[in-house]
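J.: Provided herewith is a single structure, encoded as structure tokens, for subsequent inquiry.
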Amino acid sequence: MKPIQRLFAAFAVVASTALAAGAASAQPIVIKFSHVVAENTPKGQGALKFKELAEKKLPGKVQVQVFPSSQLFGDAKELEALLLGDVQFIAPSLSKFDRYTKSIQVFDLPFLFSDVEAVDRFQSGPQGQALLGAMKSKGLLGVAYWHNGMKQLSTDKDQLKRPEDVKGLKFRIQASDVLEAQFRALGANPQKMAFAEVYQALQTGVVDGQENTWSNIYSQKFFEVQKTIAVTNHGVIDYMVVTNAKWWDGLPADVRKGLSEAMAEATSYANKLANDLNEQDRKRIADAGKAKIQPLTKEDLAAWQKAMEPVWKKFEGEIGKPLIDAALKSNK
Ligand code: LMR
């Protein structure tokens with residue numbers, strides 16, 4: 001080869017390497033967001049908004065794929081899958097983290113928060129914000145809190161007004177020791193079960209009842225297989241959006257920034273929507289006329305609260321009294 005040919009050959013190698021590198025970096029980062037609820041719920045809408053905003057802010061750099069309704073991973077697998085890098089974002093209910101941090105159990109204490117606004121104040125405060133980072137040593141990083149709403153109690157019985165009405169009944173619960181203690185305090189039999197299995201368990205009588213928000217009761221059609229839904233508002237179902245801490249820290253800075261902004265905007269969008277969606281679904285359940293919606297008096301509610309009181313003492317040590325006090329202060 002003549003020197004000039006060698007020069008051309010070398011140039012061709014450099015150019016093709018640069019092209020290949022360019023093509024590789026032009027591939028968007030694929031980001032999977034898996035969750036267990038339907039799309040027309042607060043979390044479902046939040047995930048779709050995050051996709052829309054992230055792809056708008058980082059055109060060509062990220063592709064967000066949202067998998068609702070346990071299609072990709074259900075309750076039993078999603079946290080492990082996140083740690084293994086098989087999914088990049090999930091948003092489990094706050095009840096599903098007690099294997100990773102005990103303090104987060106504060107959210108499950110019955111009758112602690114008066115409403116979702118109080119929950120929001122606690123989450124936005126220093127203790128709530130600190131909890132987002134409490135699982136980092138385990139590889140999980142909390143990036144946002146998303147609201148769903150307050151829980152209502154339902155059974156396949158006509159009578160559901162007082163705590164004694166649930167004695168001996170079987171209830172599906174989320175994987176939470178606090179919720180297990182809550183139903184034991186009522187003399188009921190709790191059974192931990194993945195969300196995707198609840199409808200069938202209610203339909204076939206494997207369990208008699210469950211607790212959930214209006215949006216979940218509606219979108220999962222629980223109201224079609226339950227006779228009574230008591231308006232207890234006895235606890236909250238909210239979410240922590242979590243990502244794999246190592247993956248997050250390894251992202252290019254501009255991508256991390258764009259994703260953080262998209263997450264913040266999707267959070268305020270979803271959190272504004274949550275209350276309206278739950279209210280709309282409460283009305284739809286009432287209109288369907290299948291399950292009776294049972295209002296409770298102050299005296300009824302006081303009886304439920306009293307029956308569930310032992311749970312607080314049982315978990316005070318694990319959660320820490322200062323955290324419980326801070327949560328209590330967020331009630332107005
Ligand atoms: C449940 O398992 O009952 C809910 O927490 C599901 C969800 O993510 O809202």
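Chain labels A, B, ... are given in the sequence in which chains occur in the structure tokens; within each chain residues are numbered consecutively from 1, and ligands are likewise numbered from 1 in the order shown.
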Enumerate, as a VMD selection string, the complete set of residues in segment 68-278 of chain A that a backbone-based DSSP assignment places in alpha helix (DSSP H).
T.: chain A and resid 75 to 84 116 to 124 126 to 132 177 to 185 198 to 203 214 to 219 245 to 249 253 to 278
J.: Under the rule of at most 6 Å, produce a per-residue listing of segment 233-268 of chain A near segment 82-103 of chain A: chain, number, name, the closest pair of atoms, and the distance in Å, as a tab-separated table, using only C-alpha atoms.
T.:
```
residue	atom	partner	partner_atom	distance
A:Asp238	CA	A:Ser93	CA	5.4
A:Tyr239	CA	A:Ser93	CA	4.2
A:Met240	CA	A:Ala91	CA	5.3
A:Val241	CA	A:Ala91	CA	4.1
A:Val242	CA	A:Ile90	CA	5.7
A:Thr243	CA	A:Phe89	CA	4.8
A:Asn244	CA	A:Leu83	CA	5.9
```
J.: For the contact check between chain A and ligand 1, emit one row per residue of chain A within 9 Å, containing the shortest atom pair and the distance in Å rounded to one decimal, counting only C-alpha atoms and all ligand atoms, chain then rising number order, as a Markdown table.
T.:
```
| residue | atom | partner | partner_atom_place_in_ligand_line | distance |
| --- | --- | --- | --- | --- |
| A:His35 | CA | ligand 1 | 8 (O) | 7.0 |
| A:Val36 | CA | ligand 1 | 8 (O) | 5.5 |
| A:Val37 | CA | ligand 1 | 8 (O) | 5.5 |
| A:Ala38 | CA | ligand 1 | 9 (O) | 9.0 |
| A:Thr41 | CA | ligand 1 | 9 (O) | 8.6 |
| A:Pro42 | CA | ligand 1 | 9 (O) | 8.8 |
| A:Lys43 | CA | ligand 1 | 9 (O) | 7.4 |
| A:Asp75 | CA | ligand 1 | 2 (O) | 7.4 |
| A:Ala91 | CA | ligand 1 | 8 (O) | 7.3 |
| A:Pro92 | CA | ligand 1 | 8 (O) | 5.5 |
| A:Ser93 | CA | ligand 1 | 5 (O) | 4.7 |
| A:Leu94 | CA | ligand 1 | 5 (O) | 7.8 |
| A:Ser95 | CA | ligand 1 | 5 (O) | 7.2 |
| A:Lys96 | CA | ligand 1 | 5 (O) | 7.8 |
| A:Asn148 | CA | ligand 1 | 9 (O) | 7.1 |
| A:Arg172 | CA | ligand 1 | 3 (O) | 8.5 |
| A:Ile173 | CA | ligand 1 | 3 (O) | 7.0 |
| A:Gln174 | CA | ligand 1 | 2 (O) | 5.1 |
| A:Ala175 | CA | ligand 1 | 2 (O) | 8.0 |
| A:Met193 | CA | ligand 1 | 2 (O) | 7.9 |
| A:Ala194 | CA | ligand 1 | 2 (O) | 6.2 |
| A:Phe195 | CA | ligand 1 | 2 (O) | 4.2 |
| A:Ala196 | CA | ligand 1 | 2 (O) | 7.9 |
| A:Val198 | CA | ligand 1 | 3 (O) | 8.1 |
| A:Gln210 | CA | ligand 1 | 3 (O) | 8.2 |
| A:Glu211 | CA | ligand 1 | 3 (O) | 7.2 |
| A:Asn212 | CA | ligand 1 | 3 (O) | 5.8 |
| A:Thr213 | CA | ligand 1 | 9 (O) | 7.8 |
| A:Ser215 | CA | ligand 1 | 9 (O) | 8.6 |
| A:Asn216 | CA | ligand 1 | 9 (O) | 6.4 |
| A:Ile237 | CA | ligand 1 | 5 (O) | 6.1 |
| A:Asp238 | CA | ligand 1 | 9 (O) | 7.4 |
| A:Tyr239 | CA | ligand 1 | 8 (O) | 7.3 |
```
J.: So that I can check the surroundings of segment 278-289 of chain A, please list as a list in words every protein, DNA and RNA residue that reaches within 7 Å of it, counting only C-alpha atoms and ignoring chain neighbours fewer than 4 positions away.
T.: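 Near segment 278-289 of chain A, the qualifying residues are Trp214, Ser215, Tyr218, Phe223, Ala274 and Ile293 of chain A.
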J.: Among segment 190-301 of chain A, which ones does DSSP place in strand (DSSP E), written as a ChimeraX atom specification?
T.: /A:190-192,209-212,228-230,236-244,292-294
J.: Tell me which of A:Gly46, A:Gly74, A:Gly317, A:Gly168 sits closest to Gly187 of chain A, counting only C-alpha atoms.
T.: A:Gly168
J.: Enumerate, in order of chain and increasing residue number, the residues of segment 131-226 of chain A with an atom no farther than 12 Å from segment 113-123 of chain A, each with its shortest atom pair and distance in Å to one decimal, counting only C-alpha atoms, as a tab-separated table.
T.:
```
residue	atom	partner	partner_atom	distance
A:Leu131	CA	A:Gln123	CA	8.5
A:Leu132	CA	A:Gln123	CA	9.1
A:Gly142	CA	A:Gln123	CA	11.8
A:Val143	CA	A:Gln123	CA	11.9
A:Ala144	CA	A:Gln123	CA	9.3
A:Tyr145	CA	A:Gln123	CA	7.2
A:Trp146	CA	A:Asp120	CA	9.2
A:His147	CA	A:Val116	CA	7.5
A:Asn148	CA	A:Val116	CA	8.4
A:Gly149	CA	A:Val116	CA	6.2
A:Met150	CA	A:Val116	CA	6.9
A:Lys151	CA	A:Asp115	CA	10.2
A:Thr213	CA	A:Val116	CA	11.7
```
J.: Between A:Asp165, A:Asp208, A:Asp325, A:Asp156, which has the minimum distance to Ala303 of chain A (counting only C-alpha atoms)?
T.: A:Asp165
J.: With only C-alpha atoms as the atoms that count, which of A:Asn189, A:Gln203, A:Asn275, A:Gln226 lies nearest to Leu160 of chain A?
T.: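 Comparing A:Asn189, A:Gln203, A:Asn275, A:Gln226 against Leu160 of chain A, the winner is A:Gln226.
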J.: So the first atom is atom CA of Leu273 of chain A and the second is atom CA of Leu328 of chain A; what is the distance between them in Å, to one decimal place?
T.: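 Between atom CA of Leu273 of chain A and atom CA of Leu328 of chain A the gap is 24.7 Å.
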J.: Restricting the calculation to only C-alpha atoms, which member of A:Leu277, A:Ala188, A:Leu179, A:Leu202 is positioned closest to His234 of chain A?
T.: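 Counting only C-alpha atoms, the residue closest to His234 of chain A is A:Leu179.
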J.: Mind checking which residues fall within 6 Å of Ser154 of chain A, counting only C-alpha atoms, ignoring those fewer than 3 positions away in the same chain, and posting them as a list in words?
T.: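 Once the adjacent positions are removed, what remains is Gly209, Gln210, Thr228 and Ile229 of chain A.
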J.: I need the residues from that last selection saved to file as an mmCIF file, in the first residue's frame (with C-alpha atoms), if you can.
T.:
```
data_model
loop_
_atom_site.group_PDB
_atom_site.id
_atom_site.type_symbol
_atom_site.label_atom_id
_atom_site.label_comp_id
_atom_site.auth_asym_id
_atom_site.auth_seq_id
_atom_site.Cartn_x
_atom_site.Cartn_y
_atom_site.Cartn_z
ATOM 1 C CA GLY A 209 -63.141 -9.285 52.434
ATOM 2 C CA GLN A 210 -60.367 -6.807 51.766
ATOM 3 C CA THR A 228 -70.858 -4.160 51.667
ATOM 4 C CA ILE A 229 -68.210 -1.457 51.604
#
```
